[in-house]
Every structure is written in C-alpha cells, then in structure tokens.
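See below for model-v2.pdb, which holds PDB, C-alpha atoms, pLDDT in the B column.
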ATOM      1  CA  MET A   1     -17.485  -6.190  -7.445  1.00 78.00           C
ATOM      2  CA  SER A   2     -16.882  -8.714 -10.208  1.00 93.00           C
ATOM      3  CA  ARG A   3     -18.167 -12.273  -9.934  1.00 94.00           C
ATOM      4  CA  ARG A   4     -14.577 -13.513  -9.750  1.00 93.00           C
ATOM      5  CA  GLU A   5     -13.815 -11.213  -6.818  1.00 88.00           C
ATOM      6  CA  GLN A   6     -17.057 -12.265  -5.132  1.00 92.00           C
ATOM      7  CA  ASN A   7     -16.051 -15.939  -5.501  1.00 93.00           C
ATOM      8  CA  ARG A   8     -12.615 -15.178  -4.008  1.00 91.00           C
ATOM      9  CA  ARG A   9     -14.211 -13.418  -1.030  1.00 89.00           C
ATOM     10  CA  GLU A  10     -16.615 -16.301  -0.478  1.00 93.00           C
ATOM     11  CA  THR A  11     -13.797 -18.869  -0.599  1.00 95.00           C
ATOM     12  CA  TRP A  12     -11.642 -16.774   1.728  1.00 92.00           C
ATOM     13  CA  ASP A  13     -14.562 -16.447   4.123  1.00 91.00           C
ATOM     14  CA  ALA A  14     -15.383 -20.168   3.993  1.00 94.00           C
ATOM     15  CA  LEU A  15     -11.770 -21.095   4.758  1.00 95.00           C
ATOM     16  CA  HIS A  16     -11.502 -18.654   7.640  1.00 93.00           C
ATOM     17  CA  ARG A  17     -14.832 -19.673   9.151  1.00 92.00           C
ATOM     18  CA  ALA A  18     -13.962 -23.365   8.853  1.00 95.00           C
ATOM     19  CA  ALA A  19     -10.562 -22.859  10.509  1.00 95.00           C
ATOM     20  CA  ALA A  20     -11.936 -20.616  13.263  1.00 92.00           C
ATOM     21  CA  ASP A  21     -14.813 -23.000  14.007  1.00 92.00           C
ATOM     22  CA  LEU A  22     -12.463 -25.986  14.201  1.00 95.00           C
ATOM     23  CA  ALA A  23     -10.137 -24.037  16.503  1.00 93.00           C
ATOM     24  CA  LEU A  24     -13.023 -22.991  18.735  1.00 89.00           C
ATOM     25  CA  ASP A  25     -14.163 -26.629  18.934  1.00 91.00           C
ATOM     26  CA  GLY A  26     -10.854 -28.377  19.557  1.00 92.00           C
ATOM     27  CA  GLY A  27      -8.128 -25.765  19.833  1.00 93.00           C
ATOM     28  CA  PRO A  28      -5.577 -24.761  17.196  1.00 95.00           C
ATOM     29  CA  ALA A  29      -3.503 -27.912  17.642  1.00 95.00           C
ATOM     30  CA  ALA A  30      -6.450 -30.028  16.480  1.00 93.00           C
ATOM     31  CA  VAL A  31      -6.882 -28.009  13.265  1.00 96.00           C
ATOM     32  CA  THR A  32      -5.397 -29.422  10.077  1.00 97.00           C
ATOM     33  CA  VAL A  33      -5.223 -27.852   6.647  1.00 98.00           C
ATOM     34  CA  ASP A  34      -6.949 -30.943   5.235  1.00 98.00           C
ATOM     35  CA  ALA A  35      -9.844 -30.585   7.685  1.00 98.00           C
ATOM     36  CA  VAL A  36     -10.211 -26.861   6.977  1.00 98.00           C
ATOM     37  CA  ALA A  37     -10.180 -27.402   3.215  1.00 98.00           C
ATOM     38  CA  ALA A  38     -12.687 -30.264   3.457  1.00 98.00           C
ATOM     39  CA  ARG A  39     -15.054 -28.246   5.640  1.00 97.00           C
ATOM     40  CA  ALA A  40     -14.815 -25.287   3.243  1.00 97.00           C
ATOM     41  CA  GLY A  41     -15.362 -27.543   0.233  1.00 97.00           C
ATOM     42  CA  VAL A  42     -12.044 -26.779  -1.489  1.00 97.00           C
ATOM     43  CA  SER A  43      -8.729 -28.521  -2.090  1.00 97.00           C
ATOM     44  CA  THR A  44      -5.670 -28.091   0.111  1.00 97.00           C
ATOM     45  CA  ARG A  45      -4.001 -26.428  -2.869  1.00 97.00           C
ATOM     46  CA  THR A  46      -6.771 -23.835  -2.870  1.00 97.00           C
ATOM     47  CA  PHE A  47      -6.267 -23.361   0.881  1.00 97.00           C
ATOM     48  CA  PHE A  48      -2.652 -22.328   0.260  1.00 97.00           C
ATOM     49  CA  ASN A  49      -3.746 -19.866  -2.434  1.00 95.00           C
ATOM     50  CA  TYR A  50      -5.497 -17.956   0.346  1.00 94.00           C
ATOM     51  CA  PHE A  51      -3.505 -18.566   3.528  1.00 95.00           C
ATOM     52  CA  ALA A  52       0.138 -19.365   4.217  1.00 93.00           C
ATOM     53  CA  THR A  53      -0.565 -21.307   7.415  1.00 95.00           C
ATOM     54  CA  LYS A  54      -3.457 -22.791   9.348  1.00 96.00           C
ATOM     55  CA  GLU A  55      -2.875 -20.147  12.040  1.00 95.00           C
ATOM     56  CA  ASP A  56      -3.365 -17.400   9.454  1.00 95.00           C
ATOM     57  CA  ALA A  57      -6.642 -19.032   8.432  1.00 95.00           C
ATOM     58  CA  ILE A  58      -7.761 -19.412  12.051  1.00 94.00           C
ATOM     59  CA  ILE A  59      -7.304 -15.740  12.856  1.00 92.00           C
ATOM     60  CA  GLY A  60      -8.338 -14.639   9.367  1.00 90.00           C
ATOM     61  CA  PHE A  61      -5.300 -12.692   8.226  1.00 89.00           C
ATOM     62  CA  ARG A  62      -3.309 -12.682   5.038  1.00 87.00           C
ATOM     63  CA  THR A  63      -0.292 -10.545   4.164  1.00 89.00           C
ATOM     64  CA  PRO A  64      -1.304  -6.875   4.321  1.00 92.00           C
ATOM     65  CA  SER A  65      -0.676  -4.416   1.524  1.00 93.00           C
ATOM     66  CA  LEU A  66      -1.324  -0.788   0.737  1.00 96.00           C
ATOM     67  CA  SER A  67      -2.932   0.219  -2.524  1.00 94.00           C
ATOM     68  CA  ALA A  68      -1.651   3.208  -4.437  1.00 96.00           C
ATOM     69  CA  GLU A  69      -4.984   4.872  -3.649  1.00 95.00           C
ATOM     70  CA  ALA A  70      -4.488   4.412   0.097  1.00 95.00           C
ATOM     71  CA  VAL A  71      -0.968   5.826  -0.079  1.00 96.00           C
ATOM     72  CA  ASP A  72      -2.133   8.788  -2.176  1.00 95.00           C
ATOM     73  CA  ALA A  73      -4.991   9.471   0.242  1.00 93.00           C
ATOM     74  CA  PHE A  74      -2.502   9.486   3.095  1.00 94.00           C
ATOM     75  CA  ARG A  75      -0.134  11.848   1.319  1.00 92.00           C
ATOM     76  CA  ILE A  76      -2.748  14.343   0.107  1.00 91.00           C
ATOM     77  CA  GLY A  77      -5.512  13.778   2.661  1.00 79.00           C
ATOM     78  CA  PRO A  78      -6.732  16.106   5.391  1.00 79.00           C
ATOM     79  CA  ALA A  79      -4.225  18.176   7.309  1.00 81.00           C
ATOM     80  CA  ASP A  80      -4.701  16.111  10.465  1.00 91.00           C
ATOM     81  CA  LEU A  81      -1.812  13.623  10.487  1.00 92.00           C
ATOM     82  CA  LEU A  82      -3.438  11.422  13.115  1.00 93.00           C
ATOM     83  CA  GLU A  83      -6.597  11.026  11.044  1.00 93.00           C
ATOM     84  CA  ARG A  84      -4.606  10.223   7.898  1.00 93.00           C
ATOM     85  CA  THR A  85      -2.501   7.689   9.799  1.00 95.00           C
ATOM     86  CA  VAL A  86      -5.545   5.940  11.258  1.00 94.00           C
ATOM     87  CA  ARG A  87      -7.062   5.711   7.775  1.00 93.00           C
ATOM     88  CA  LEU A  88      -3.814   4.279   6.413  1.00 95.00           C
ATOM     89  CA  ILE A  89      -3.632   1.676   9.194  1.00 95.00           C
ATOM     90  CA  PHE A  90      -7.260   0.767   8.566  1.00 92.00           C
ATOM     91  CA  ALA A  91      -6.538   0.370   4.832  1.00 93.00           C
ATOM     92  CA  ALA A  92      -3.630  -1.964   5.604  1.00 94.00           C
ATOM     93  CA  PHE A  93      -5.711  -4.075   8.004  1.00 89.00           C
ATOM     94  CA  SER A  94      -8.601  -4.135   5.530  1.00 87.00           C
ATOM     95  CA  SER A  95      -6.289  -5.534   2.852  1.00 88.00           C
ATOM     96  CA  ALA A  96      -5.341  -8.372   5.216  1.00 88.00           C
ATOM     97  CA  THR A  97      -8.849  -9.451   6.176  1.00 85.00           C
ATOM     98  CA  LEU A  98     -12.439  -9.076   5.128  1.00 77.00           C
ATOM     99  CA  PRO A  99     -14.092  -6.021   6.728  1.00 64.00           C
ATOM    100  CA  GLU A 100     -16.744  -8.147   8.402  1.00 66.00           C
ATOM    101  CA  HIS A 101     -14.005 -10.113  10.178  1.00 61.00           C
ATOM    102  CA  VAL A 102     -12.335  -7.199  11.940  1.00 54.00           C
ATOM    103  CA  GLY A 103     -12.494  -7.620  15.692  1.00 62.00           C
ATOM    104  CA  GLY A 104     -14.632  -9.893  17.861  1.00 75.00           C
ATOM    105  CA  ARG A 105     -14.056 -13.521  17.017  1.00 78.00           C
ATOM    106  CA  ARG A 106     -10.386 -13.008  16.154  1.00 81.00           C
ATOM    107  CA  LEU A 107      -9.684 -11.418  19.529  1.00 82.00           C
ATOM    108  CA  ALA A 108     -11.650 -14.128  21.319  1.00 84.00           C
ATOM    109  CA  LEU A 109      -9.591 -16.808  19.580  1.00 88.00           C
ATOM    110  CA  VAL A 110      -6.293 -15.139  20.455  1.00 89.00           C
ATOM    111  CA  GLN A 111      -7.356 -14.645  24.082  1.00 89.00           C
ATOM    112  CA  ARG A 112      -8.632 -18.193  24.398  1.00 90.00           C
ATOM    113  CA  HIS A 113      -5.592 -19.699  22.652  1.00 92.00           C
ATOM    114  CA  PRO A 114      -2.440 -17.719  23.494  1.00 93.00           C
ATOM    115  CA  GLU A 115      -0.439 -19.831  21.040  1.00 93.00           C
ATOM    116  CA  LEU A 116      -2.097 -17.741  18.299  1.00 94.00           C
ATOM    117  CA  ARG A 117      -0.674 -14.501  19.734  1.00 94.00           C
ATOM    118  CA  ALA A 118       2.592 -14.801  17.786  1.00 94.00           C
ATOM    119  CA  THR A 119       0.726 -15.070  14.472  1.00 92.00           C
ATOM    120  CA  PHE A 120      -1.535 -12.163  15.400  1.00 90.00           C
ATOM    121  CA  ASP A 121       1.442 -10.042  16.482  1.00 93.00           C
ATOM    122  CA  ALA A 122       3.322 -10.860  13.268  1.00 94.00           C
ATOM    123  CA  HIS A 123       0.425  -9.519  11.213  1.00 91.00           C
ATOM    124  CA  VAL A 124       0.212  -6.369  13.311  1.00 93.00           C
ATOM    125  CA  ALA A 125       3.977  -5.906  12.837  1.00 96.00           C
ATOM    126  CA  ALA A 126       3.535  -6.322   9.070  1.00 95.00           C
ATOM    127  CA  VAL A 127       0.962  -3.511   9.068  1.00 95.00           C
ATOM    128  CA  GLU A 128       3.307  -1.350  11.133  1.00 96.00           C
ATOM    129  CA  ALA A 129       6.134  -2.052   8.662  1.00 97.00           C
ATOM    130  CA  LEU A 130       3.943  -0.790   5.810  1.00 96.00           C
ATOM    131  CA  VAL A 131       2.801   2.342   7.620  1.00 96.00           C
ATOM    132  CA  ALA A 132       5.981   3.391   9.449  1.00 97.00           C
ATOM    133  CA  PRO A 133       8.045   4.520   6.423  1.00 96.00           C
ATOM    134  CA  LEU A 134       5.177   6.619   5.100  1.00 96.00           C
ATOM    135  CA  LEU A 135       4.618   8.187   8.478  1.00 94.00           C
ATOM    136  CA  ALA A 136       8.356   8.862   8.866  1.00 95.00           C
ATOM    137  CA  GLU A 137       8.316  10.579   5.466  1.00 92.00           C
ATOM    138  CA  GLU A 138       5.513  12.868   6.626  1.00 89.00           C
ATOM    139  CA  ILE A 139       7.140  13.953   9.871  1.00 89.00           C
ATOM    140  CA  ARG A 140      10.592  14.699   8.435  1.00 82.00           C
TER     141      ARG A 140
END
Output the structure of this file as structure tokens.
Amino acid sequence: MSRREQNRRETWDALHRAAADLALDGGPAAVTVDAVAARAGVSTRTFFNYFATKEDAIIGFRTPSLSAEAVDAFRIGPADLLERTVRLIFAAFSSATLPEHVGGRRLALVQRHPELRATFDAHVAAVEALVAPLLAEEIR
C-alpha cells in the first residue's frame, strides 16, 4: 500500500472513530461535523472528502463500489453461484468500509440508536443495487 493510501486509511479511520465515540458518548444528535473533524485533527472540508454525512461517519460507511477485479472474479469464479455472490457482496461492503470496521461497533451503534437504522439500511440497499444486476445476469 502506498504512503498516500495509508494516510487516507488513517484519516478515514480517525474520522470514523471520532464520530462513533462521540455518538456513543452523547448520541447521534449531539455529534457535529465540526466536533468530529476537530477530534480527528482535520478540517471540516477534509471530513466531507471522506463522508457525505455525520451519520455515515458514525456508522463508518461510504458509498460502495465494485472493482473490475471483483466483477471479473464473480463472472469467472468457482461454479458455486452462492459462493461467488457472497464474495461479491463482501467486496462491495469492503469498498464501503475498512475491513477492521466490519461488524461489532457498527451494529451496537445502530441497535443503541435506532435513528441510525435508515442510514445503515441505505448503505445495505446500495450494496444490493450493485450486486443485483450482476446476479440477475448470471441466472438468466
């Protein structure tokens, strides 16, 4: 990984951790972009280079995508369609978050603060929207 990519990951991580910690302390309503940016040591402009909203930062999701490699692996991967689909879904989720942030804290935040459910569900729907056309292509 290049130094530039490492810096981007560290900034992304710092912003997410700051937002999640603030939400755990005072709830999502008490979180501000200014407070998240200050705690992460970056500007608010930098915050918006990484996350569209404070809710996205709190749950640690950005817009998912699928690399050409992930799509190719799905199309020419093992014969088992279920396995290929799971790998494709994982690739989409991995593009939207850092691998070390998959699971635990995110789910705890959403369970503790139901107002985050809509943001979480929107990101899941975005992953589904990426995967569904490819899956439909395969089963035709």
* To do: Translate the PyMOL selection byres ((chain A and resi 58) around 6), as applied to the file shown, into an explicit residue set as a list of chain:residue names.
  =>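 Checked against the file, the PyMOL selection byres ((chain A and resi 58) around 6) matches A:His16, A:Ala19, A:Ala20, A:Glu55, A:Asp56, A:Ala57, A:Ile59, A:Gly60.
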* List the residues matched by the PyMOL selection byres ((chain A and resi 122) around 12) in the displayed structure as a PyMOL selection string, ordered by chain and then by residue number. => chain A and resi 55-56+59+61-64+116-121+123-129
Take the residues just selected and output them with C-alpha atoms as a compact mmCIF listing (two decimals), in the coordinates of the input.
# COMPACT_ATOMS: atom_id res chain seq x y z
CA GLU A 55 -2.88 -20.15 12.04
CA ASP A 56 -3.36 -17.40 9.45
CA ILE A 59 -7.30 -15.74 12.86
CA PHE A 61 -5.30 -12.69 8.23
CA ARG A 62 -3.31 -12.68 5.04
CA THR A 63 -0.29 -10.54 4.16
CA PRO A 64 -1.30 -6.88 4.32
CA LEU A 116 -2.10 -17.74 18.30
CA ARG A 117 -0.67 -14.50 19.73
CA ALA A 118 2.59 -14.80 17.79
CA THR A 119 0.73 -15.07 14.47
CA PHE A 120 -1.54 -12.16 15.40
CA ASP A 121 1.44 -10.04 16.48
CA HIS A 123 0.42 -9.52 11.21
CA VAL A 124 0.21 -6.37 13.31
CA ALA A 125 3.98 -5.91 12.84
CA ALA A 126 3.54 -6.32 9.07
CA VAL A 127 0.96 -3.51 9.07
CA GLU A 128 3.31 -1.35 11.13
CA ALA A 129 6.13 -2.05 8.66
* Two-atom distance - atom CA of Thr11 of chain A, atom CA of Gly41 of chain A (Å) ->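 Distance reported for this atom pair: 8.9 Å.
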* Distance atom CA of Arg39 of chain A-atom CA of Ala18 of chain A, one decimal place? ->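 Pair atom CA of Arg39 of chain A / atom CA of Ala18 of chain A returns 5.9 Å.
With all atoms listed in the file as the atoms that count, the minimum distance from Arg8 of chain A to the choices A:Leu98, A:Leu135, A:Ala52, A:Ile89 is reached by A:Leu98.
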* On this file, the PyMOL selection byres ((chain A and resi 65) around 6) gives some set of residues; write that set as a ChimeraX atom specification. => /A:64,66,92,95
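Atom CA of Ala91 of chain A is found 22.0 Å from atom CA of Val110 of chain A.
With distances restricted to all atoms listed in the file, A:Leu134 is the closest residue to Asp72 of chain A from A:Leu134, A:Arg106, A:Ala23, A:Gln111.
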* Asked: So, counting all atoms listed in the file, which residue among A:Val31, A:Leu107, A:Leu88, A:Ala38 is closest to Ala132 of chain A?
  ->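 Closest to Ala132 of chain A of all the choices is A:Leu88.
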* List every protein, DNA or RNA residue that has at least one atom no more than 8 Å from (-12.9, -22.7, 0.6) in the file's coordinates, counting all atoms listed in the file, and write the result as a list in words. =>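 Using all atoms listed in the file, the matching residues come out as Glu10, Thr11, Trp12, Asp13, Ala14, Leu15, Ala37, Arg39, Ala40, Gly41, Val42, Ser43, Thr46 and Phe47 of chain A.
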